[in-house]
Amino acid sequence: MFDGDEKKGLCSVCGERIASVHTEAMPGTEIYICESCLELAKHNFIWICMSCGRSYFRPKSTVLERLTDPELLRAYEACADMQLIQGIDMCIECDPECVVEHVAGAKKERIAGSC
Ligand SMILES: [Zn+2]
Ligand SMILES: [Zn+2]
């Protein structure tokens, strides 16, 4: 959920700038996002590893091109116009074997914009 209250923190995506908004990447897990990462999210899907804190950007067009699973493709296409930042339990650094499943199963949250 988009939330514009007073809470401020360092951006969870780049870890460099002060975040302007925060959102729930997963139920109960709040992350902070700065203006420039929010801007990046317009053209990239962003995943944040809840385990190590690394963030991953992939251009939306590339992600959609590579998806072969029709259900996943539909789900991501529906999010293509949103600023989507997903929390994942583990990333490829933490658990190379499982990352695909985690990404596929992660709950999608939109943080701004409309459907
Ligand atoms: Zn940032
Ligand atoms: Zn990780």
# chains A, B, ... in the order shown; residues from 1 in each chain; ligands from 1

call {"tool": "residues_around", "arguments": {"residues": "segment 61-70 of chain A", "least_positions_apart": "4", "cutoff": "12 Å", "atoms": "only C-alpha atoms", "output": "list of chain:residue names"}}
result
A:Lys42, A:His43, A:Asn44, A:Phe45, A:Ile46, A:Phe57, A:Arg74, A:Ala75, A:Tyr76, A:Glu77, A:Ala78, A:Cys79, A:Ala80, A:Asp81, A:Val100, A:Val103, A:Ala104

call {"tool": "residues_near_ligand", "arguments": {"ligand": "ligand 1", "cutoff": "10 Å", "atoms": "only C-alpha atoms and all ligand atoms", "output": "JSON, numbers by chain"}}
result
{"A": [10, 11, 12, 13, 14, 15, 16, 17, 18, 19, 20, 32, 33, 34, 35, 36, 37, 38, 39, 40, 55]}

call {"tool": "residues_near_ligand", "arguments": {"ligand": "ligand 2", "cutoff": "6 Å", "atoms": "only C-alpha atoms and all ligand atoms", "output": "count of residues only"}}
result
8
